[in-house]
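Undergrad: There's a structure below that I have some questions on.
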Amino acid sequence: MWTRAQLTSQAQKMVTTGREFLSKFIPQIWHFLLNYSHFLHLLSLALFFYLFVWLIFVHVPPALVANWIFPDSYLLVQALLAAGNFLAATFVCQSRFMGTWFALVAGTFLFFRFSHFLLTPPLVVTLIVASICWWLWLFLWYNMSHETKLQ
């Protein structure tokens, strides 16, 4: 059983430790929040797209959305999710390049999932290798084009 004096001393130690923690990390947390504050509009737009997808799932029958433009593609939902994923990934990574990469990879997997395409491990590995090759080529092309402009 704890006595009142022991509980009071434990509480005082916890408060002191909390104050030390806050005084040490407040500048770092403040700097982190200031960096992300420049990208808050992206997060709000991403939440808007995700809300719109949720409203579609709740209020629209799947048969109406499934065959829009292409059969069994759920293209409307995929387009809204791609936009939301791009904006959310851009907010998290603070990079449009990484946001685009994440949105394309997530969109590819969603397309295969919505199309009832069986994602076997060899296909997943093939998609990942193909994605890595594509982005490596794009990265090298981008660097080479900027090197020629500098010369």
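Letters A, B, ... go to the chains of the structure tokens in the order shown; residues in each chain start at 1; ligands are counted from 1 in the same order.
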Sorted by chain and rising residue number, list the residues of segment 34-77 of chain A at most 9 Å from segment 82-101 of chain A (counting only C-alpha atoms), each with its closest atom pair and distance in Å to one decimal, as a Markdown table.
TA:
| residue | atom | partner | partner_atom | distance |
| --- | --- | --- | --- | --- |
| A:Asn35 | CA | A:Gln94 | CA | 8.9 |
| A:Tyr36 | CA | A:Phe91 | CA | 7.5 |
| A:Phe39 | CA | A:Phe91 | CA | 5.8 |
| A:Leu40 | CA | A:Phe91 | CA | 7.3 |
| A:His41 | CA | A:Phe91 | CA | 8.8 |
| A:Leu42 | CA | A:Leu87 | CA | 5.4 |
| A:Leu43 | CA | A:Ala88 | CA | 5.8 |
| A:Ser44 | CA | A:Leu87 | CA | 8.9 |
| A:Leu45 | CA | A:Leu87 | CA | 7.0 |
| A:Ala46 | CA | A:Gly84 | CA | 4.3 |
| A:Leu47 | CA | A:Gly84 | CA | 7.1 |
| A:Phe48 | CA | A:Gly84 | CA | 7.9 |
| A:Phe49 | CA | A:Gly84 | CA | 5.2 |
| A:Tyr50 | CA | A:Gly84 | CA | 6.1 |
| A:Val77 | CA | A:Ala82 | CA | 8.5 |
Undergrad: Can you measure atom CA of Phe102 of chain A to atom CA of Trp134 of chain A for me? One decimal in Å is fine.
TA: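 A separation of 13.3 Å between them.
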Undergrad: What is the distance, in Å and to one decimal place, between atom CA of Phe139 of chain A and atom CA of Leu33 of chain A?
TA: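 Atom-to-atom, atom CA of Phe139 of chain A to atom CA of Leu33 of chain A, that is 29.7 Å.
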Undergrad: Return the single residue from A:Ser73, A:Ser9, A:Ser37, A:Ser131 that is closest to Ala106 of chain A, with distances computed using only C-alpha atoms.
TA: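 Distance minimum relative to Ala106 of chain A lands on A:Ser131.
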Undergrad: Which residues are close to Ala63 of chain A, i.e. within 10 Å by only C-alpha atoms, leaving aside same-chain residues fewer than 3 positions away? Reply as a count of residues only.
TA: 6
Undergrad: List the neighbours of Leu75 of chain A out to 12 Å using only C-alpha atoms; skip same-chain residues closer than 2 positions along the sequence, and give me the result as a list in words.
TA: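 With the cut-off at 12 Å, the set is Val53, Pro62, Leu64, Val65, Ala66, Asn67, Trp68, Ile69, Phe70, Pro71, Asp72, Ser73, Val77, Gln78, Ala79, Leu80, Leu81, Ala82, Gly107, Thr108, Leu110, Phe111, Phe112, Phe114 and Ser115 of chain A.
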Undergrad: Next, dump the selected residues to file, keeping only C-alpha atoms, as a PDB file, in the first residue's frame.
TA:
ATOM      1  CA  VAL A  53     -15.248   9.221 -51.092  1.00  0.00           C
ATOM      2  CA  PRO A  62     -21.947   0.396 -55.688  1.00  0.00           C
ATOM      3  CA  LEU A  64     -23.818   3.055 -60.014  1.00  0.00           C
ATOM      4  CA  VAL A  65     -20.147   3.737 -59.349  1.00  0.00           C
ATOM      5  CA  ALA A  66     -18.661   0.423 -60.467  1.00  0.00           C
ATOM      6  CA  ASN A  67     -19.302   0.789 -64.188  1.00  0.00           C
ATOM      7  CA  TRP A  68     -18.579   4.473 -64.680  1.00  0.00           C
ATOM      8  CA  ILE A  69     -16.679   4.825 -68.010  1.00  0.00           C
ATOM      9  CA  PHE A  70     -14.951   1.401 -67.746  1.00  0.00           C
ATOM     10  CA  PRO A  71     -16.669  -1.772 -66.504  1.00  0.00           C
ATOM     11  CA  ASP A  72     -15.844  -2.728 -62.901  1.00  0.00           C
ATOM     12  CA  SER A  73     -13.229   0.006 -62.607  1.00  0.00           C
ATOM     13  CA  VAL A  77     -13.734   6.515 -56.523  1.00  0.00           C
ATOM     14  CA  GLN A  78     -10.208   5.821 -57.747  1.00  0.00           C
ATOM     15  CA  ALA A  79      -9.796   9.342 -59.094  1.00  0.00           C
ATOM     16  CA  LEU A  80     -10.947  10.877 -55.810  1.00  0.00           C
ATOM     17  CA  LEU A  81      -8.720   8.536 -53.790  1.00  0.00           C
ATOM     18  CA  ALA A  82      -5.753   9.279 -56.051  1.00  0.00           C
ATOM     19  CA  GLY A 107      -3.723   3.785 -57.217  1.00  0.00           C
ATOM     20  CA  THR A 108      -2.241   0.802 -59.031  1.00  0.00           C
ATOM     21  CA  LEU A 110      -6.441  -0.103 -55.711  1.00  0.00           C
ATOM     22  CA  PHE A 111      -7.112  -0.614 -59.412  1.00  0.00           C
ATOM     23  CA  PHE A 112      -6.086  -4.255 -59.178  1.00  0.00           C
ATOM     24  CA  PHE A 114     -11.271  -3.092 -57.413  1.00  0.00           C
ATOM     25  CA  SER A 115     -10.953  -5.058 -60.664  1.00  0.00           C
TER      26      SER A 115
END
Undergrad: Once DSSP has gone over the backbone, tell me which residues of segment 29-129 of chain A are in helix (DSSP H, G or I), as a PyMOL selection string.
TA: chain A and resi 29-37+40-59+62-66+75-93+96-114+121-129
